[in-house]
$ cat input-v2.pdb   # PDB, C-alpha atoms, pLDDT in the B column
ATOM      1  CA  MET U   1      -3.550 -16.740  16.791  1.00 63.00           C
ATOM      2  CA  THR U   2      -4.578 -14.011  14.360  1.00 67.00           C
ATOM      3  CA  THR U   3      -1.892 -12.255  12.341  1.00 73.00           C
ATOM      4  CA  ILE U   4      -2.169  -8.717  11.085  1.00 71.00           C
ATOM      5  CA  GLN U   5      -0.709  -7.686   7.765  1.00 70.00           C
ATOM      6  CA  VAL U   6       0.021  -4.024   7.177  1.00 66.00           C
ATOM      7  CA  ASP U   7      -0.172  -2.771   3.614  1.00 66.00           C
ATOM      8  CA  SER U   8       1.588   0.616   3.407  1.00 60.00           C
ATOM      9  CA  GLU U   9      -0.293   1.497   0.213  1.00 63.00           C
ATOM     10  CA  ARG U  10      -3.680   1.163   1.920  1.00 66.00           C
ATOM     11  CA  HIS U  11      -3.152   3.013   5.195  1.00 61.00           C
ATOM     12  CA  ASP U  12      -5.158   6.048   6.266  1.00 65.00           C
ATOM     13  CA  TRP U  13      -3.183   9.124   5.106  1.00 64.00           C
ATOM     14  CA  PHE U  14      -4.979  11.595   7.349  1.00 71.00           C
ATOM     15  CA  PRO U  15      -3.332  13.297  10.356  1.00 73.00           C
ATOM     16  CA  LYS U  16      -3.081  11.320  13.607  1.00 77.00           C
ATOM     17  CA  MET U  17      -3.144  12.598  17.185  1.00 80.00           C
ATOM     18  CA  ASN U  18      -0.438  11.677  19.662  1.00 80.00           C
ATOM     19  CA  LEU U  19      -1.061  11.059  23.365  1.00 85.00           C
ATOM     20  CA  GLY U  20      -0.502  14.749  24.181  1.00 83.00           C
ATOM     21  CA  ASP U  21      -3.407  16.006  22.015  1.00 81.00           C
ATOM     22  CA  ASP U  22      -1.025  17.266  19.341  1.00 82.00           C
ATOM     23  CA  TYR U  23      -0.643  15.937  15.839  1.00 78.00           C
ATOM     24  CA  ILE U  24       2.163  13.489  15.088  1.00 78.00           C
ATOM     25  CA  GLY U  25       4.778  15.440  13.156  1.00 77.00           C
ATOM     26  CA  ASP U  26       3.887  18.866  14.570  1.00 77.00           C
ATOM     27  CA  GLU U  27       7.549  19.462  15.420  1.00 80.00           C
ATOM     28  CA  GLU U  28       8.808  18.448  11.952  1.00 81.00           C
ATOM     29  CA  GLY U  29       9.336  20.800   9.018  1.00 82.00           C
ATOM     30  CA  LEU U  30       7.321  20.648   5.810  1.00 82.00           C
ATOM     31  CA  CYS U  31       8.757  18.451   3.066  1.00 80.00           C
ATOM     32  CA  TRP U  32       8.394  21.168   0.434  1.00 78.00           C
ATOM     33  CA  ASP U  33      10.480  23.568   2.545  1.00 82.00           C
ATOM     34  CA  LEU U  34      13.555  21.317   2.490  1.00 80.00           C
ATOM     35  CA  PRO U  35      16.438  22.779   0.447  1.00 80.00           C
ATOM     36  CA  GLN U  36      17.222  21.434  -3.026  1.00 77.00           C
ATOM     37  CA  ASP U  37      20.610  20.180  -1.855  1.00 82.00           C
ATOM     38  CA  GLU U  38      19.257  18.566   1.313  1.00 86.00           C
ATOM     39  CA  PHE U  39      20.987  15.252   0.558  1.00 88.00           C
ATOM     40  CA  LEU U  40      24.332  17.073   0.844  1.00 91.00           C
ATOM     41  CA  ARG U  41      23.550  18.791   4.167  1.00 92.00           C
ATOM     42  CA  LYS U  42      25.096  18.155   7.553  1.00 93.00           C
ATOM     43  CA  GLY U  43      23.287  15.362   9.408  1.00 91.00           C
ATOM     44  CA  GLU U  44      21.975  13.522   6.334  1.00 92.00           C
ATOM     45  CA  LYS U  45      22.125   9.695   6.447  1.00 94.00           C
ATOM     46  CA  TYR U  46      23.344   7.071   3.992  1.00 94.00           C
ATOM     47  CA  TYR U  47      23.141   3.308   4.528  1.00 94.00           C
ATOM     48  CA  LEU U  48      25.320   0.741   2.792  1.00 94.00           C
ATOM     49  CA  LEU U  49      23.482  -1.671   0.474  1.00 89.00           C
ATOM     50  CA  TRP U  50      26.593  -3.459  -0.856  1.00 79.00           C
ATOM     51  CA  GLY U  51      25.959  -5.218  -4.163  1.00 76.00           C
ATOM     52  CA  TYR U  52      22.160  -5.274  -4.048  1.00 74.00           C
ATOM     53  CA  PRO U  53      20.854  -1.813  -4.984  1.00 72.00           C
ATOM     54  CA  LYS U  54      17.355  -2.376  -3.630  1.00 73.00           C
ATOM     55  CA  PRO U  55      16.401   0.244  -1.033  1.00 74.00           C
ATOM     56  CA  ARG U  56      15.431  -0.898   2.462  1.00 77.00           C
ATOM     57  CA  PHE U  57      14.023   2.311   3.927  1.00 75.00           C
ATOM     58  CA  HIS U  58      11.647   3.549   1.214  1.00 67.00           C
ATOM     59  CA  THR U  59       7.879   2.999   1.291  1.00 56.00           C
ATOM     60  CA  ASP U  60       7.640   0.203  -1.249  1.00 48.00           C
ATOM     61  CA  PRO U  61      11.016  -1.118  -2.390  1.00 45.00           C
ATOM     62  CA  THR U  62       9.359  -3.815  -4.545  1.00 48.00           C
ATOM     63  CA  ARG U  63       8.308  -1.092  -6.986  1.00 51.00           C
ATOM     64  CA  ILE U  64      11.810   0.256  -7.529  1.00 52.00           C
ATOM     65  CA  ASP U  65      13.170  -0.578 -10.963  1.00 55.00           C
ATOM     66  CA  LEU U  66      16.381  -2.519 -10.248  1.00 52.00           C
ATOM     67  CA  SER U  67      17.559  -2.086 -13.829  1.00 51.00           C
ATOM     68  CA  ALA U  68      17.252   1.708 -13.663  1.00 55.00           C
ATOM     69  CA  ASN U  69      20.208   4.023 -14.108  1.00 55.00           C
ATOM     70  CA  ARG U  70      21.790   4.683 -10.737  1.00 74.00           C
ATOM     71  CA  VAL U  71      23.476   7.859  -9.638  1.00 85.00           C
ATOM     72  CA  ILE U  72      27.159   7.058 -10.114  1.00 88.00           C
ATOM     73  CA  LEU U  73      29.396   9.423  -8.177  1.00 92.00           C
ATOM     74  CA  ASP U  74      32.543  10.932  -9.622  1.00 92.00           C
ATOM     75  CA  PRO U  75      35.606  10.120  -7.457  1.00 93.00           C
ATOM     76  CA  ARG U  76      36.304  13.881  -7.313  1.00 93.00           C
ATOM     77  CA  SER U  77      32.953  14.466  -5.583  1.00 93.00           C
ATOM     78  CA  ASN U  78      32.892  15.407  -1.890  1.00 94.00           C
ATOM     79  CA  LEU U  79      30.008  12.976  -1.361  1.00 94.00           C
ATOM     80  CA  TYR U  80      32.075  10.203  -2.970  1.00 94.00           C
ATOM     81  CA  ARG U  81      34.930  10.972  -0.567  1.00 94.00           C
ATOM     82  CA  LYS U  82      32.596  10.798   2.449  1.00 95.00           C
ATOM     83  CA  LEU U  83      30.997   7.502   1.384  1.00 95.00           C
ATOM     84  CA  CYS U  84      34.281   5.919   0.250  1.00 95.00           C
ATOM     85  CA  ASN U  85      36.158   6.915   3.434  1.00 92.00           C
ATOM     86  CA  THR U  86      39.522   6.349   1.734  1.00 87.00           C
ATOM     87  CA  ARG U  87      42.304   4.627   3.692  1.00 88.00           C
ATOM     88  CA  GLU U  88      45.968   5.565   3.392  1.00 89.00           C
ATOM     89  CA  SER U  89      46.357   2.695   0.900  1.00 90.00           C
ATOM     90  CA  GLY U  90      43.859   4.402  -1.418  1.00 84.00           C
ATOM     91  CA  GLU U  91      41.176   1.697  -0.947  1.00 91.00           C
ATOM     92  CA  CYS U  92      37.684   2.562   0.258  1.00 93.00           C
ATOM     93  CA  ASP U  93      36.694   1.639   3.793  1.00 94.00           C
ATOM     94  CA  PHE U  94      32.900   1.474   3.485  1.00 95.00           C
ATOM     95  CA  ALA U  95      30.964   2.101   6.705  1.00 95.00           C
ATOM     96  CA  ALA U  96      27.548   0.507   7.295  1.00 94.00           C
ATOM     97  CA  SER U  97      26.093   3.976   7.808  1.00 95.00           C
ATOM     98  CA  VAL U  98      27.424   7.440   7.040  1.00 96.00           C
ATOM     99  CA  TYR U  99      26.193  10.658   8.608  1.00 95.00           C
ATOM    100  CA  LEU U 100      27.427  13.825   6.937  1.00 95.00           C
ATOM    101  CA  ASP U 101      29.366  15.928   9.453  1.00 95.00           C
ATOM    102  CA  GLU U 102      29.396  19.037   7.255  1.00 95.00           C
ATOM    103  CA  ASN U 103      27.541  20.589   4.320  1.00 94.00           C
ATOM    104  CA  LEU U 104      28.933  19.399   0.981  1.00 93.00           C
ATOM    105  CA  VAL U 105      29.109  21.198  -2.369  1.00 91.00           C
ATOM    106  CA  PHE U 106      27.365  19.869  -5.510  1.00 87.00           C
ATOM    107  CA  PHE U 107      29.635  18.160  -8.045  1.00 88.00           C
ATOM    108  CA  GLY U 108      28.812  16.609 -11.437  1.00 86.00           C
ATOM    109  CA  VAL U 109      25.585  14.557 -11.469  1.00 85.00           C
ATOM    110  CA  GLU U 110      24.709  15.804  -7.980  1.00 85.00           C
ATOM    111  CA  CYS U 111      23.610  19.069  -9.641  1.00 83.00           C
ATOM    112  CA  LYS U 112      20.987  17.203 -11.693  1.00 80.00           C
ATOM    113  CA  ILE U 113      19.165  15.288  -8.951  1.00 80.00           C
ATOM    114  CA  SER U 114      16.908  16.347  -6.109  1.00 75.00           C
ATOM    115  CA  ILE U 115      16.488  13.247  -3.939  1.00 77.00           C
ATOM    116  CA  PRO U 116      18.689  10.263  -4.783  1.00 82.00           C
ATOM    117  CA  LEU U 117      17.416   6.847  -3.735  1.00 78.00           C
ATOM    118  CA  GLU U 118      20.513   4.774  -4.350  1.00 82.00           C
ATOM    119  CA  ILE U 119      24.001   5.964  -5.107  1.00 88.00           C
ATOM    120  CA  GLN U 120      26.721   3.838  -6.685  1.00 90.00           C
ATOM    121  CA  VAL U 121      30.113   4.617  -5.188  1.00 93.00           C
ATOM    122  CA  LYS U 122      32.062   1.837  -6.912  1.00 91.00           C
ATOM    123  CA  PRO U 123      30.885  -1.050  -9.118  1.00 90.00           C
ATOM    124  CA  GLY U 124      28.836  -3.319  -6.868  1.00 88.00           C
ATOM    125  CA  VAL U 125      28.798  -0.899  -3.904  1.00 92.00           C
ATOM    126  CA  PHE U 126      25.650   1.147  -3.300  1.00 91.00           C
ATOM    127  CA  TYR U 127      24.411   3.458  -0.571  1.00 92.00           C
ATOM    128  CA  GLU U 128      20.803   4.360   0.099  1.00 90.00           C
ATOM    129  CA  TYR U 129      19.986   7.944   0.998  1.00 89.00           C
ATOM    130  CA  VAL U 130      17.386   8.244   3.766  1.00 88.00           C
ATOM    131  CA  GLN U 131      15.622  11.576   3.672  1.00 84.00           C
ATOM    132  CA  ARG U 132      15.157  13.404   6.979  1.00 82.00           C
ATOM    133  CA  SER U 133      11.742  13.360   8.613  1.00 82.00           C
ATOM    134  CA  CYS U 134       9.316  15.903   7.256  1.00 82.00           C
ATOM    135  CA  VAL U 135       5.560  16.395   7.042  1.00 80.00           C
ATOM    136  CA  GLN U 136       3.358  16.325   3.967  1.00 75.00           C
ATOM    137  CA  LEU U 137       0.139  18.097   4.874  1.00 73.00           C
ATOM    138  CA  ALA U 138      -3.141  16.376   4.100  1.00 68.00           C
ATOM    139  CA  PHE U 139      -4.949  19.728   4.026  1.00 68.00           C
ATOM    140  CA  SER U 140      -3.288  23.016   3.128  1.00 69.00           C
ATOM    141  CA  GLN U 141      -3.593  26.094   0.979  1.00 74.00           C
ATOM    142  CA  GLY U 142      -2.107  25.911  -2.504  1.00 75.00           C
ATOM    143  CA  TYR U 143      -2.890  22.332  -3.567  1.00 74.00           C
ATOM    144  CA  GLU U 144      -3.828  21.845  -7.216  1.00 76.00           C
ATOM    145  CA  LYS U 145      -5.705  19.101  -9.047  1.00 75.00           C
ATOM    146  CA  VAL U 146      -3.415  16.954 -11.187  1.00 72.00           C
ATOM    147  CA  LYS U 147      -4.187  14.014 -13.458  1.00 69.00           C
ATOM    148  CA  SER U 148      -2.582  10.624 -13.001  1.00 62.00           C
ATOM    149  CA  ALA U 149      -0.856   9.191 -16.076  1.00 60.00           C
ATOM    150  CA  TRP U 150      -1.455   5.578 -15.061  1.00 58.00           C
ATOM    151  CA  ASN U 151      -5.096   5.173 -14.098  1.00 60.00           C
ATOM    152  CA  ASN U 152      -6.854   8.263 -15.509  1.00 66.00           C
ATOM    153  CA  GLY U 153      -7.584   9.321 -11.931  1.00 68.00           C
ATOM    154  CA  HIS U 154      -7.016  12.660 -10.287  1.00 69.00           C
ATOM    155  CA  MET U 155      -5.248  13.735  -7.140  1.00 67.00           C
ATOM    156  CA  CYS U 156      -4.201  16.886  -5.341  1.00 69.00           C
ATOM    157  CA  ALA U 157      -0.553  17.919  -5.219  1.00 70.00           C
ATOM    158  CA  HIS U 158       1.281  20.969  -3.945  1.00 69.00           C
ATOM    159  CA  PRO U 159       3.342  22.772  -6.620  1.00 70.00           C
ATOM    160  CA  LYS U 160       6.442  22.698  -4.363  1.00 71.00           C
ATOM    161  CA  MET U 161       6.348  18.914  -3.846  1.00 68.00           C
ATOM    162  CA  LEU U 162       8.572  16.601  -5.883  1.00 60.00           C
ATOM    163  CA  VAL U 163       5.787  14.264  -6.936  1.00 55.00           C
ATOM    164  CA  VAL U 164       5.822  14.707 -10.686  1.00 50.00           C
ATOM    165  CA  ILE U 165       7.901  13.367 -13.551  1.00 51.00           C
ATOM    166  CA  LEU U 166       8.917  15.185 -16.724  1.00 48.00           C
ATOM    167  CA  ALA U 167       7.645  13.610 -19.914  1.00 50.00           C
ATOM    168  CA  CYS U 168       7.897  14.275 -23.620  1.00 49.00           C
ATOM    169  CA  CYS U 169       4.651  14.005 -25.532  1.00 48.00           C
ATOM    170  CA  GLY U 170       4.411  12.472 -28.968  1.00 46.00           C
ATOM    171  CA  ASN U 171       7.559  10.322 -28.696  1.00 47.00           C
ATOM    172  CA  THR U 172       5.741   7.145 -29.690  1.00 49.00           C
ATOM    173  CA  TYR U 173       5.479   5.579 -33.119  1.00 48.00           C
ATOM    174  CA  PRO U 174       3.037   5.845 -34.707  1.00 51.00           C
ATOM    175  CA  LEU U 175       2.734   9.370 -33.320  1.00 51.00           C
ATOM    176  CA  ASP U 176       0.189   9.424 -30.505  1.00 54.00           C
ATOM    177  CA  PRO U 177      -0.330  12.840 -28.874  1.00 52.00           C
ATOM    178  CA  THR U 178      -2.204  11.243 -25.954  1.00 55.00           C
ATOM    179  CA  ARG U 179       0.859   9.301 -24.746  1.00 55.00           C
ATOM    180  CA  ALA U 180       4.025  10.557 -23.111  1.00 53.00           C
ATOM    181  CA  THR U 181       7.391   8.999 -22.388  1.00 53.00           C
ATOM    182  CA  PRO U 182       9.197   9.668 -19.084  1.00 52.00           C
ATOM    183  CA  ASN U 183      12.161  11.989 -19.512  1.00 51.00           C
ATOM    184  CA  THR U 184      14.349  11.351 -16.482  1.00 53.00           C
ATOM    185  CA  LEU U 185      17.994  10.634 -15.847  1.00 54.00           C
ATOM    186  CA  TYR U 186      17.548   8.416 -12.784  1.00 51.00           C
ATOM    187  CA  LYS U 187      14.470   6.255 -12.144  1.00 49.00           C
ATOM    188  CA  GLY U 188      15.776   4.190  -9.257  1.00 44.00           C
TER     189      GLY U 188
END

$ encode --input "input-v2.pdb" --output "structure tokens"
Amino acid sequence: MTTIQVDSERHDWFPKMNLGDDYIGDEEGLCWDLPQDEFLRKGEKYYLLWGYPKPRFHTDPTRIDLSANRVILDPRSNLYRKLCNTRESGECDFAASVYLDENLVFFGVECKISIPLEIQVKPGVFYEYVQRSCVQLAFSQGYEKVKSAWNNGHMCAHPKMLVVILACCGNTYPLDPTRATPNTLYKG
């Protein structure tokens, strides 16, 4: 018996046809058109990870830095209240999955993030945010050539896509203007 191994990093990224002669994803919205606060919108999904903050639904969870700073919610946050699902006793009653039943308002650190991967509700209790389905076009107007920081290669990216990372140049010692250090609050 032959086994097939699928490597998500090596798949063909080009559009695929469905059985009805349409492209898969034709009915989905474009990823860059999603609102900034999409993770706080009605219908968004969160899955309980318990004490192991390693995402299960992202493309390659082995590349997530498990020591990274996590988004830690303030107990006054509306998102905290939804994920905690407080009982009358004041203790949290964590559900395996949470679907937001209303739009929530930003609070605290939620104003500083765009797409959270994992969220810490209490010490040792994490939820993973699963972004809604959307389409990233392989061919479109407006793409620009950008340089990769890791392998000196180039790629195309749309200015509206969240595929870049802020960096501060010249933060190394001795001073090296060709190197940059990531400047982010949350890497995980």

$ residues_around --input "input-v2.pdb" --residues "Asn85 of chain U" --least-positions-apart "4" --cutoff "8 Å" --atoms "all atoms listed in the file" --output "count of residues only"
5

$ atom_distance --input "input-v2.pdb" --atom1 "atom CA of Ile24 of chain U" --atom2 "atom CA of Val98 of chain U"
27.2 Å

$ atom_distance --input "input-v2.pdb" --atom1 "atom CA of Glu28 of chain U" --atom2 "atom CA of Arg132 of chain U"
9.5 Å

$ closest_residue --input "input-v2.pdb" --among "U:Leu34, U:Val146, U:Glu118, U:Val105" --to "Ser77 of chain U" --atoms "only C-alpha atoms"
U:Val105

$ resolve_selection --input "input-v2.pdb" --expression "the PyMOL selection byres ((chain U and resi 44) around 8)" --output "list in words"
Glu38, Phe39, Leu40, Arg41, Lys42, Gly43, Lys45, Tyr46, Tyr99, Leu100, Tyr129, Val130, Gln131 and Arg132 of chain U

$ closest_residue --input "input-v2.pdb" --among "U:Leu48, U:Leu104, U:Val109, U:Cys84" --to "Arg70 of chain U" --atoms "only C-alpha atoms"
U:Val109
